[in-house]
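**Q** So here's coords_21.cif, just mmCIF, C-alpha atoms (C1' of nucleotides):
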```cif
data_upload
loop_
_atom_site.label_atom_id
_atom_site.label_comp_id
_atom_site.auth_asym_id
_atom_site.auth_seq_id
_atom_site.Cartn_x
_atom_site.Cartn_y
_atom_site.Cartn_z
CA MET A 1 -24.35 74.87 228.69
CA THR A 2 -26.92 76.97 230.44
CA GLU A 3 -24.24 79.44 231.39
CA THR A 4 -23.86 81.01 227.99
CA MET A 5 -27.57 81.64 227.57
CA THR A 6 -27.88 85.17 228.83
CA ARG A 7 -24.28 86.19 228.32
CA TYR A 8 -24.26 87.37 224.77
CA HIS A 9 -26.80 89.70 223.27
CA HIS A 10 -28.00 91.60 226.24
CA GLY A 11 -30.54 93.54 224.30
CA ASP A 12 -29.69 97.07 225.29
CA LEU A 13 -26.53 96.92 227.34
CA ARG A 14 -26.07 100.68 227.32
CA ALA A 15 -29.42 101.30 228.99
CA ALA A 16 -28.84 98.42 231.41
CA VAL A 17 -25.47 99.85 232.46
CA LEU A 18 -26.98 103.27 233.04
CA ARG A 19 -29.86 101.84 235.06
CA ARG A 20 -27.58 99.72 237.22
CA ALA A 21 -25.13 102.62 237.67
CA GLU A 22 -27.91 104.82 239.02
CA GLU A 23 -28.89 102.09 241.46
CA VAL A 24 -25.35 101.68 242.74
CA LEU A 25 -24.99 105.45 243.01
CA ARG A 26 -28.14 105.72 245.10
CA GLU A 27 -27.51 102.66 247.25
CA SER A 28 -23.76 102.76 247.77
CA GLY A 29 -22.39 106.07 246.55
CA THR A 30 -19.85 107.18 243.98
CA ASP A 31 -16.92 105.31 245.49
CA ALA A 32 -18.71 102.00 245.04
CA LEU A 33 -19.36 102.63 241.36
CA SER A 34 -17.08 100.57 239.13
CA LEU A 35 -17.43 99.53 235.53
CA ARG A 36 -16.23 96.06 236.39
CA GLY A 37 -18.77 95.74 239.18
CA ILE A 38 -21.63 96.81 236.94
CA ALA A 39 -20.53 94.38 234.22
CA ARG A 40 -20.42 91.64 236.84
CA ASP A 41 -23.93 92.50 238.06
CA LEU A 42 -25.23 92.39 234.50
CA GLY A 43 -23.52 89.11 233.65
CA VAL A 44 -21.33 90.45 230.86
CA SER A 45 -17.58 90.61 230.56
CA HIS A 46 -15.81 93.49 232.26
CA ALA A 47 -14.84 94.99 228.92
CA ALA A 48 -18.34 94.94 227.45
CA PRO A 49 -19.41 98.38 228.75
CA SER A 50 -16.50 100.02 226.94
CA ALA A 51 -18.36 99.42 223.68
CA HIS A 52 -20.97 101.91 224.92
CA PHE A 53 -18.97 104.22 227.15
CA ARG A 54 -15.50 105.24 226.01
CA ASP A 55 -14.31 105.45 229.62
CA LYS A 56 -15.60 106.00 233.13
CA ASN A 57 -16.00 109.73 232.61
CA ALA A 58 -18.28 109.07 229.65
CA LEU A 59 -20.48 107.04 231.98
CA PHE A 60 -20.50 109.90 234.49
CA ASP A 61 -21.46 112.33 231.73
CA ALA A 62 -24.34 110.10 230.68
CA LEU A 63 -25.44 109.82 234.32
CA ALA A 64 -25.40 113.61 234.60
CA VAL A 65 -27.63 114.01 231.55
CA ALA A 66 -30.03 111.36 232.86
CA GLY A 67 -30.00 113.05 236.27
CA PHE A 68 -30.93 116.47 234.92
CA ARG A 69 -33.68 114.91 232.80
CA ARG A 70 -35.13 113.21 235.87
CA LEU A 71 -34.80 116.42 237.86
CA GLY A 72 -36.71 118.21 235.10
CA GLU A 73 -39.50 115.65 235.31
CA VAL A 74 -39.66 116.06 239.08
CA MET A 75 -39.90 119.83 238.63
CA ASP A 76 -42.67 119.57 236.05
CA ALA A 77 -44.66 117.24 238.28
CA ALA A 78 -44.18 119.39 241.38
CA LEU A 79 -45.19 122.60 239.64
CA ALA A 80 -48.16 121.15 237.78
CA THR A 81 -50.53 122.84 240.20
CA ARG A 82 -49.87 126.44 241.16
CA GLY A 83 -50.53 128.64 244.15
CA SER A 84 -49.08 131.95 245.24
CA LEU A 85 -45.58 132.82 244.10
CA THR A 86 -44.16 132.15 247.54
CA ASP A 87 -45.94 128.82 247.72
CA ASP A 88 -44.67 127.87 244.27
CA LEU A 89 -41.10 128.75 245.18
CA VAL A 90 -41.38 126.64 248.32
CA THR A 91 -42.79 123.82 246.21
CA PHE A 92 -39.88 124.14 243.80
CA ALA A 93 -37.34 124.22 246.61
CA SER A 94 -38.95 121.24 248.35
CA ALA A 95 -38.89 119.17 245.19
CA TYR A 96 -35.27 120.09 244.56
CA LEU A 97 -34.20 119.28 248.11
CA GLU A 98 -36.10 116.01 248.06
CA PHE A 99 -34.32 115.04 244.87
CA ALA A 100 -31.01 116.07 246.44
CA THR A 101 -31.70 114.10 249.60
CA ASP A 102 -32.78 110.99 247.70
CA ASN A 103 -29.91 111.14 245.21
CA PRO A 104 -26.94 112.85 246.89
CA ALA A 105 -24.29 110.99 244.90
CA LEU A 106 -26.10 111.59 241.61
CA LEU A 107 -26.38 115.30 242.36
CA SER A 108 -22.66 115.64 242.90
CA VAL A 109 -22.03 113.75 239.64
CA MET A 110 -24.39 116.17 237.89
CA PHE A 111 -22.40 119.15 239.12
CA ALA A 112 -18.95 117.56 238.82
CA ARG A 113 -16.51 119.72 236.94
CA LYS A 114 -15.21 117.33 234.35
CA HIS A 115 -17.80 116.94 231.65
CA SER A 116 -16.23 116.37 228.26
CA GLU A 117 -16.53 118.81 225.38
CA THR A 118 -18.87 116.59 223.43
CA SER A 119 -21.34 115.86 226.21
CA GLY A 120 -21.11 119.41 227.53
CA ALA A 121 -23.71 120.67 225.07
CA GLU A 122 -26.08 117.83 225.81
CA ILE A 123 -25.77 118.45 229.54
CA ALA A 124 -26.30 122.18 229.12
CA GLU A 125 -29.51 121.42 227.27
CA ALA A 126 -30.71 119.09 230.03
CA VAL A 127 -29.84 121.71 232.65
CA ALA A 128 -31.82 124.38 230.81
CA ALA A 129 -34.80 122.05 230.51
CA ALA A 130 -34.64 121.10 234.19
CA PHE A 131 -34.64 124.74 235.29
CA ALA A 132 -37.08 126.03 232.69
CA HIS A 133 -40.16 125.44 234.81
CA PRO A 134 -38.92 127.11 238.02
CA THR A 135 -37.53 130.03 236.04
CA ALA A 136 -40.93 130.49 234.40
CA LEU A 137 -42.39 131.11 237.85
CA LEU A 138 -40.53 134.40 238.03
CA THR A 139 -41.41 135.49 234.50
CA GLU A 140 -45.06 134.85 235.22
CA GLY A 141 -44.71 136.66 238.53
CA GLN A 142 -43.37 139.68 236.69
CA ALA A 143 -46.28 139.53 234.24
CA ARG A 144 -48.68 139.63 237.20
CA GLY A 145 -46.73 142.54 238.68
CA GLU A 146 -45.73 140.52 241.76
CA VAL A 147 -42.02 140.33 240.99
CA VAL A 148 -39.56 143.18 240.56
CA ASP A 149 -38.62 144.12 237.01
CA GLY A 150 -35.34 143.06 235.48
CA ASP A 151 -33.85 140.23 233.49
CA PRO A 152 -35.58 137.08 234.73
CA GLU A 153 -32.36 135.17 234.04
CA VAL A 154 -30.55 137.37 236.54
CA ILE A 155 -33.23 136.98 239.17
CA GLY A 156 -33.52 133.28 238.37
CA VAL A 157 -29.86 132.55 238.96
CA THR A 158 -30.12 133.98 242.46
CA VAL A 159 -33.05 131.73 243.33
CA LEU A 160 -31.48 128.66 241.73
CA ALA A 161 -28.14 129.34 243.41
CA ALA A 162 -29.74 129.73 246.84
CA ILE A 163 -31.62 126.43 246.52
CA GLN A 164 -28.63 124.61 245.07
CA GLY A 165 -26.47 125.96 247.91
CA LEU A 166 -28.98 124.77 250.45
CA ALA A 167 -28.98 121.36 248.76
CA THR A 168 -25.20 121.28 249.13
CA PHE A 169 -25.45 122.11 252.84
CA VAL A 170 -28.02 119.35 253.33
CA GLY A 171 -26.01 116.90 251.25
CA SER A 172 -22.82 117.56 253.18
CA GLY A 173 -24.60 117.13 256.50
CA PHE A 174 -24.10 120.70 257.74
CA VAL A 175 -27.87 120.98 257.66
CA THR A 176 -29.96 117.98 258.64
CA PRO A 177 -32.93 116.89 256.52
CA GLU A 178 -35.15 117.74 259.49
CA GLN A 179 -33.93 121.34 259.51
CA SER A 180 -34.13 121.65 255.77
CA GLN A 181 -37.90 122.15 255.46
CA ARG A 182 -37.76 125.03 257.94
CA MET A 183 -34.68 126.52 256.31
CA LEU A 184 -36.11 126.28 252.84
CA GLU A 185 -39.10 128.34 253.90
CA ASP A 186 -36.79 130.86 255.56
CA VAL A 187 -34.64 131.08 252.46
CA VAL A 188 -37.65 131.68 250.21
CA ALA A 189 -39.01 134.28 252.61
CA THR A 190 -35.65 136.06 252.70
CA LEU A 191 -35.41 135.95 248.91
CA MET A 192 -38.89 137.43 248.57
CA ARG A 193 -38.45 140.20 251.08
CA GLY A 194 -34.79 141.09 250.50
CA LEU A 195 -32.11 142.04 252.99
CA ALA A 196 -32.33 145.82 252.91
CA ARG A 197 -34.52 147.52 255.44
CA MET B 1 23.92 103.50 249.86
CA THR B 2 22.75 107.00 249.16
CA GLU B 3 19.26 105.68 248.49
CA THR B 4 18.34 105.02 252.07
CA MET B 5 19.36 108.47 253.27
CA THR B 6 16.09 110.36 253.10
CA ARG B 7 13.80 107.37 253.34
CA TYR B 8 13.35 106.97 257.01
CA HIS B 9 12.55 109.74 259.41
CA HIS B 10 10.75 112.21 257.31
CA GLY B 11 10.29 114.68 260.09
CA ASP B 12 6.59 115.38 259.87
CA LEU B 13 5.16 112.97 257.36
CA ARG B 14 1.57 113.83 258.23
CA ALA B 15 2.01 117.50 257.33
CA ALA B 16 4.00 116.58 254.23
CA VAL B 17 1.24 114.24 253.02
CA LEU B 18 -1.40 116.93 253.55
CA ARG B 19 0.67 119.54 251.72
CA ARG B 20 1.37 117.28 248.78
CA ALA B 21 -2.27 116.14 248.65
CA GLU B 22 -3.44 119.74 248.36
CA GLU B 23 -0.97 120.29 245.52
CA VAL B 24 -2.18 117.25 243.62
CA LEU B 25 -5.78 118.27 244.21
CA ARG B 26 -5.17 121.74 242.80
CA GLU B 27 -2.98 120.65 239.89
CA SER B 28 -4.60 117.40 238.80
CA GLY B 29 -7.94 116.99 240.55
CA THR B 30 -9.48 114.43 242.88
CA ASP B 31 -9.16 111.48 240.49
CA ALA B 32 -5.39 111.89 240.40
CA LEU B 33 -5.10 111.78 244.18
CA SER B 34 -3.74 108.47 245.44
CA LEU B 35 -2.08 107.57 248.70
CA ARG B 36 0.50 105.52 246.83
CA GLY B 37 1.29 108.39 244.50
CA ILE B 38 1.79 110.80 247.37
CA ALA B 39 4.01 108.33 249.20
CA ARG B 40 6.04 107.95 246.01
CA ASP B 41 6.39 111.71 245.64
CA LEU B 42 7.58 111.99 249.23
CA GLY B 43 10.04 109.13 248.95
CA VAL B 44 8.44 106.90 251.59
CA SER B 45 6.91 103.47 251.30
CA HIS B 46 3.33 103.25 250.10
CA ALA B 47 2.16 102.07 253.50
CA ALA B 48 3.78 104.88 255.46
CA PRO B 49 0.86 107.34 255.22
CA SER B 50 -1.44 104.82 256.87
CA ALA B 51 0.35 105.51 260.15
CA HIS B 52 -1.10 109.03 260.00
CA PHE B 53 -4.35 108.54 258.08
CA ARG B 54 -6.40 105.45 258.85
CA ASP B 55 -7.65 105.33 255.26
CA LYS B 56 -8.24 107.53 252.26
CA ASN B 57 -11.40 109.02 253.73
CA ALA B 58 -9.43 110.16 256.76
CA LEU B 59 -7.13 112.04 254.40
CA PHE B 60 -10.14 113.63 252.71
CA ASP B 61 -11.52 114.64 256.10
CA ALA B 62 -8.22 116.27 257.02
CA LEU B 63 -8.15 118.06 253.67
CA ALA B 64 -11.67 119.36 254.31
CA VAL B 65 -10.65 120.79 257.70
CA ALA B 66 -7.55 122.40 256.19
CA GLY B 67 -9.67 123.77 253.34
CA PHE B 68 -12.20 125.45 255.63
CA ARG B 69 -9.39 126.92 257.72
CA ARG B 70 -7.80 128.39 254.61
CA LEU B 71 -11.18 129.67 253.44
CA GLY B 72 -11.61 131.34 256.82
CA GLU B 73 -8.26 133.07 256.47
CA VAL B 74 -9.20 134.26 253.00
CA MET B 75 -12.46 135.66 254.40
CA ASP B 76 -10.74 137.45 257.24
CA ALA B 77 -8.23 139.02 254.87
CA ALA B 78 -10.89 140.06 252.35
CA LEU B 79 -13.14 141.64 254.98
CA ALA B 80 -10.38 143.40 256.91
CA THR B 81 -11.43 146.71 255.38
CA ARG B 82 -15.11 147.57 255.24
CA GLY B 83 -17.36 149.64 253.03
CA SER B 84 -21.10 149.68 252.55
CA LEU B 85 -23.04 146.50 253.29
CA THR B 86 -23.55 145.82 249.60
CA ASP B 87 -19.87 146.36 248.90
CA ASP B 88 -18.92 144.07 251.75
CA LEU B 89 -21.24 141.32 250.52
CA VAL B 90 -19.73 141.64 247.04
CA THR B 91 -16.26 141.46 248.60
CA PHE B 92 -17.26 138.32 250.49
CA ALA B 93 -18.78 136.73 247.42
CA SER B 94 -15.75 137.61 245.29
CA ALA B 95 -13.35 136.09 247.80
CA TYR B 96 -15.46 132.97 248.02
CA LEU B 97 -15.72 132.57 244.26
CA GLU B 98 -12.01 133.20 243.81
CA PHE B 99 -11.28 130.47 246.34
CA ALA B 100 -13.73 128.18 244.54
CA THR B 101 -12.20 128.91 241.14
CA ASP B 102 -8.65 128.39 242.38
CA ASN B 103 -9.46 125.22 244.31
CA PRO B 104 -12.41 123.51 242.64
CA ALA B 105 -11.40 119.99 243.65
CA LEU B 106 -10.71 121.03 247.23
CA LEU B 107 -14.11 122.72 247.48
CA SER B 108 -15.92 119.57 246.43
CA VAL B 109 -13.91 117.58 248.98
CA MET B 110 -14.93 120.11 251.64
CA PHE B 111 -18.60 119.60 250.86
CA ALA B 112 -18.40 115.87 250.18
CA ARG B 113 -20.99 113.89 252.09
CA LYS B 114 -18.85 111.30 253.77
CA HIS B 115 -17.07 112.87 256.69
CA SER B 116 -16.59 110.41 259.51
CA GLU B 117 -18.23 110.79 262.91
CA THR B 118 -15.00 111.71 264.63
CA SER B 119 -13.86 114.39 262.22
CA GLY B 120 -17.39 115.70 261.79
CA ALA B 121 -17.13 117.89 264.86
CA GLU B 122 -13.76 119.27 263.85
CA ILE B 123 -15.08 120.09 260.39
CA ALA B 124 -18.20 121.75 261.79
CA GLU B 125 -15.97 123.95 263.91
CA ALA B 126 -13.85 124.94 260.90
CA VAL B 127 -17.01 125.67 258.90
CA ALA B 128 -18.37 127.91 261.64
CA ALA B 129 -15.06 129.77 261.83
CA ALA B 130 -14.88 130.20 258.06
CA PHE B 131 -18.37 131.69 257.89
CA ALA B 132 -18.18 133.74 261.12
CA HIS B 133 -16.83 136.84 259.46
CA PRO B 134 -19.36 137.06 256.59
CA THR B 135 -22.22 136.29 258.97
CA ALA B 136 -21.06 139.15 261.21
CA LEU B 137 -21.64 141.52 258.29
CA LEU B 138 -25.38 140.96 258.63
CA THR B 139 -25.45 141.27 262.41
CA GLU B 140 -23.60 144.57 262.19
CA GLY B 141 -25.93 145.66 259.40
CA GLN B 142 -28.87 144.98 261.68
CA ALA B 143 -27.23 147.01 264.46
CA ARG B 144 -26.89 149.92 262.06
CA GLY B 145 -30.52 149.51 261.02
CA GLU B 146 -29.59 148.66 257.43
CA VAL B 147 -30.70 145.05 257.51
CA VAL B 148 -34.14 143.64 258.20
CA ASP B 149 -34.77 142.23 261.65
CA GLY B 150 -34.80 138.53 262.29
CA ASP B 151 -32.49 135.73 263.27
CA PRO B 152 -29.14 136.55 261.62
CA GLU B 153 -28.53 132.81 261.27
CA VAL B 154 -31.63 132.51 259.13
CA ILE B 155 -30.70 135.46 256.95
CA GLY B 156 -27.09 134.28 256.87
CA VAL B 157 -27.91 130.85 255.53
CA THR B 158 -29.70 132.41 252.56
CA VAL B 159 -26.70 134.54 251.68
CA LEU B 160 -24.24 131.70 252.19
CA ALA B 161 -26.40 129.30 250.20
CA ALA B 162 -26.71 131.71 247.28
CA ILE B 163 -22.94 132.25 247.10
CA GLN B 164 -22.19 128.55 247.54
CA GLY B 165 -24.70 127.72 244.81
CA LEU B 166 -23.08 130.24 242.49
CA ALA B 167 -19.70 128.68 243.28
CA THR B 168 -21.12 125.31 242.29
CA PHE B 169 -22.40 126.71 238.99
CA VAL B 170 -19.00 128.24 238.25
CA GLY B 171 -17.18 125.09 239.32
CA SER B 172 -19.31 122.89 237.10
CA GLY B 173 -18.80 125.16 234.12
CA PHE B 174 -22.44 126.20 233.72
CA VAL B 175 -21.25 129.71 234.50
CA THR B 176 -17.89 130.85 233.16
CA PRO B 177 -15.42 132.67 235.42
CA GLU B 178 -15.85 135.72 233.16
CA GLN B 179 -19.59 135.82 233.81
CA SER B 180 -19.17 135.18 237.50
CA GLN B 181 -18.15 138.71 238.53
CA ARG B 182 -21.24 140.15 236.86
CA MET B 183 -23.49 137.44 238.26
CA LEU B 184 -22.16 137.83 241.76
CA GLU B 185 -23.06 141.49 241.75
CA ASP B 186 -26.50 140.65 240.38
CA VAL B 187 -27.01 138.01 243.05
CA VAL B 188 -26.04 140.39 245.85
CA ALA B 189 -28.29 143.10 244.41
CA THR B 190 -31.20 140.64 244.21
CA LEU B 191 -30.56 139.48 247.76
CA MET B 192 -30.52 143.06 249.03
CA ARG B 193 -33.64 144.19 247.24
CA GLY B 194 -35.72 141.02 247.40
CA LEU B 195 -38.02 139.50 244.81
CA ALA B 196 -41.36 140.96 245.85
CA ARG B 197 -42.51 144.14 244.21
"C1'" DA C 1 6.12 105.16 267.42
"C1'" DC C 2 7.17 105.02 262.73
"C1'" DC C 3 8.16 102.84 258.69
"C1'" DT C 4 9.15 98.77 255.21
"C1'" DG C 5 8.02 95.04 252.00
"C1'" DA C 6 5.19 91.51 250.60
"C1'" DA C 7 0.61 90.05 249.81
"C1'" DC C 8 -4.33 90.35 248.60
"C1'" DA C 9 -8.22 91.70 246.20
"C1'" DC C 10 -9.57 94.88 243.61
"C1'" DC C 11 -9.57 98.73 239.71
"C1'" DG C 12 -9.66 101.16 234.42
"C1'" DT C 13 -8.05 100.53 229.93
"C1'" DT C 14 -6.39 98.28 225.83
"C1'" DC C 15 -6.49 94.86 222.23
"C1'" DA C 16 -6.36 90.68 219.55
"C1'" DA C 17 -9.74 87.37 218.74
"C1'" DG C 18 -14.26 85.43 218.22
"C1'" DT C 19 -19.53 85.62 216.56
"C1'" DA D 1 -21.47 95.82 215.64
"C1'" DC D 2 -20.98 93.68 219.94
"C1'" DC D 3 -18.71 91.05 223.14
"C1'" DT D 4 -14.83 87.93 225.34
"C1'" DG D 5 -10.51 86.88 227.69
"C1'" DA D 6 -5.99 87.91 228.66
"C1'" DA D 7 -2.75 91.37 229.82
"C1'" DC D 8 -0.93 95.69 231.82
"C1'" DA D 9 -0.25 99.11 235.06
"C1'" DC D 10 -2.20 100.79 238.53
"C1'" DC D 11 -5.06 101.17 243.18
"C1'" DG D 12 -6.35 100.80 248.89
"C1'" DT D 13 -5.68 98.04 252.76
"C1'" DT D 14 -3.60 94.76 255.87
"C1'" DC D 15 0.11 92.81 258.48
"C1'" DA D 16 4.30 90.64 260.03
"C1'" DA D 17 8.71 92.38 260.53
"C1'" DG D 18 12.31 95.69 261.30
"C1'" DT D 19 14.48 100.14 263.80
#
```
Can you present the structure in this file as structure tokens?
**A**
Amino acid sequence: MTETMTRYHHGDLRAAVLRRAEEVLRESGTDALSLRGIARDLGVSHAAPSAHFRDKNALFDALAVAGFRRLGEVMDAALATRGSLTDDLVTFASAYLEFATDNPALLSVMFARKHSETSGAEIAEAVAAAFAHPTALLTEGQARGEVVDGDPEVIGVTVLAAIQGLATFVGSGFVTPEQSQRMLEDVVATLMRGLAR
Amino acid sequence: MTETMTRYHHGDLRAAVLRRAEEVLRESGTDALSLRGIARDLGVSHAAPSAHFRDKNALFDALAVAGFRRLGEVMDAALATRGSLTDDLVTFASAYLEFATDNPALLSVMFARKHSETSGAEIAEAVAAAFAHPTALLTEGQARGEVVDGDPEVIGVTVLAAIQGLATFVGSGFVTPEQSQRMLEDVVATLMRGLAR
DNA sequence: ACCTGAACACCGTTCAAGT
DNA sequence: ACCTGAACACCGTTCAAGT
């Protein structure tokens, strides 16, 4: 009976489901993600994942949290070395867009509007952590007198929104990945300089 | 046999499917949208819609085109009367965010990354039309000497990206609709003035 | 051309039962 | 606590057949 060997006692099924779900998301997109398919891939019964994720939305919530944590790590790594403010903003934007290009399905799961009450707080925390580093750029810029005064949260949301919007345009195909590097520099330049003459 | 009366010959099933799909999207979200459910609601067989939409993605593509056309109409109506450039940008942003708040599921369908080759061109056209009016604000601002020189497309993408990003934040619940009016004004102010001191 | 009805291969979710 | 296996009510898609 070699069949039953690996069936029971998977070790950490929850982590295995999450890992496999991220793979499917990256390789085949959201539509291809099914609990039954993941269970099949992992060699457990189709109902096994429900012991760890109440329903499919709970899995999506967990993927969102994991996504923001990974995004935070990417940000920290990208902004480990600093240059001028403009350079740092371009670095931030590049890292964000690269993440968005590499994980388009995950990004849309992260920003899906259906997170449950319970996981909402956990996600909010992960979001704050992911954006802490880029937001700090502006606070430090203000301290050096390079950035206009004002609530850094207010200024930060503009920068984050512009980059997130650009990521959406790239993700939806209205902007090609080839154009994106150019556009990202233009967007940062426009943000720095302002619209008013 | 009163049952068979309205079954055949629906008139314009394609338009009816689109209309009902938009309703379901607004009332119950993307997950609740099924071809079979729509067919049921319209009193036709479950396979009838396939005569008008090759598959579910084709329906999503058609919804995206319809969505951008409606967004364009909203833009035109909102920007029919003009004020200062800042006021006009706030008006544009408000109209966009209101559309996003009223149709969150539709907006994510519009920016979903899976439009087919064939409908891609049609969607791109609808996107261009939807954003023509707001982009014109900047061109006219340049003509009046109120906006910095440079390719209006480049400046436009920054503005559009910032508003789209804010719409994503509102849609995902990271920003509440109550905060959004305040934030939108802050974002426009930051865009106008720039980050550099 | 437009639609029906049956068929196929999937889903998510629930739940008694096993270890 | 963790997992299985059967069951239920759905899906999307295809396809011969009808009008």
**Q** Kindly determine which residues of chain D lie within 12 Å of chain B, considering all atoms listed in the file, and give the answer as a list in words.
**A**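 So the residues of chain D near chain B are DC10, DC11, DG12, DT13, DT14, DC15 and DT19 of chain D.
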**Q** With all atoms listed in the file as the basis for distance, which of A:Val147, A:Ala64, A:Leu97, A:Val188 is at the shortest distance from chain B?
**A**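 Among the listed residues, the smallest separation from chain B belongs to A:Val147.
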**Q** List the residues selected by the PyMOL selection byres ((chain B) within 8 of (chain A)) in the file shown, writing them as a PyMOL selection string.
**A** chain B and resi 104+111-114+124+145-148+154-155+157-166+168-169+171-174+183+186-187+190-197
**Q** Show me as an MDAnalysis selection string the residues that reach within 10 Å of (12.8, 96.0, 262.1), counting all atoms listed in the file and using the file's own coordinates.
**A** (chainID C and resid 3:4) or (chainID D and resid 17:19)
**Q** Give me the residues within 10 Å of Met75 in chain A as a PDB file with C-alpha atoms, in the frame of the given file, counting all atoms listed in the file and dropping any in the same chain fewer than 5 places off.
**A**
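Contents of part26.pdb, freshly written:
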```pdb
ATOM      1  CA  ARG A  69     -33.680 114.910 232.800  1.00  0.00           C
ATOM      2  CA  ARG A  70     -35.130 113.210 235.870  1.00  0.00           C
ATOM      3  CA  ALA A  80     -48.160 121.150 237.780  1.00  0.00           C
ATOM      4  CA  THR A  91     -42.790 123.820 246.210  1.00  0.00           C
ATOM      5  CA  PHE A  92     -39.880 124.140 243.800  1.00  0.00           C
ATOM      6  CA  ALA A  93     -37.340 124.220 246.610  1.00  0.00           C
ATOM      7  CA  SER A  94     -38.950 121.240 248.350  1.00  0.00           C
ATOM      8  CA  ALA A  95     -38.890 119.170 245.190  1.00  0.00           C
ATOM      9  CA  TYR A  96     -35.270 120.090 244.560  1.00  0.00           C
ATOM     10  CA  PHE A  99     -34.320 115.040 244.870  1.00  0.00           C
ATOM     11  CA  ALA A 129     -34.800 122.050 230.510  1.00  0.00           C
ATOM     12  CA  ALA A 130     -34.640 121.100 234.190  1.00  0.00           C
ATOM     13  CA  PHE A 131     -34.640 124.740 235.290  1.00  0.00           C
ATOM     14  CA  ALA A 132     -37.080 126.030 232.690  1.00  0.00           C
ATOM     15  CA  HIS A 133     -40.160 125.440 234.810  1.00  0.00           C
ATOM     16  CA  PRO A 134     -38.920 127.110 238.020  1.00  0.00           C
TER      17      PRO A 134
END
```
**Q** What is the CA of Leu63 in chain B to CA of Leu107 in chain B distance in Å?
**A** 9.8 Å
**Q** For the file shown, report as a list in words the outcome of the PyMOL selection byres ((chain A and resi 44) around 10) at residue level.
**A**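 Output of the PyMOL selection byres ((chain A and resi 44) around 10): Thr6, Arg7, Tyr8, His9, His10, Leu13, Arg36, Ile38, Ala39, Arg40, Asp41, Leu42, Gly43, Ser45, His46, Ala47, Ala48 and Pro49 of chain A; DC3 and DT4 of chain D.
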**Q** Could you tell me how far CA of Glu185 in chain A lies from CA of Thr135 in chain A, in Å and to one decimal?
**A** 18.0 Å
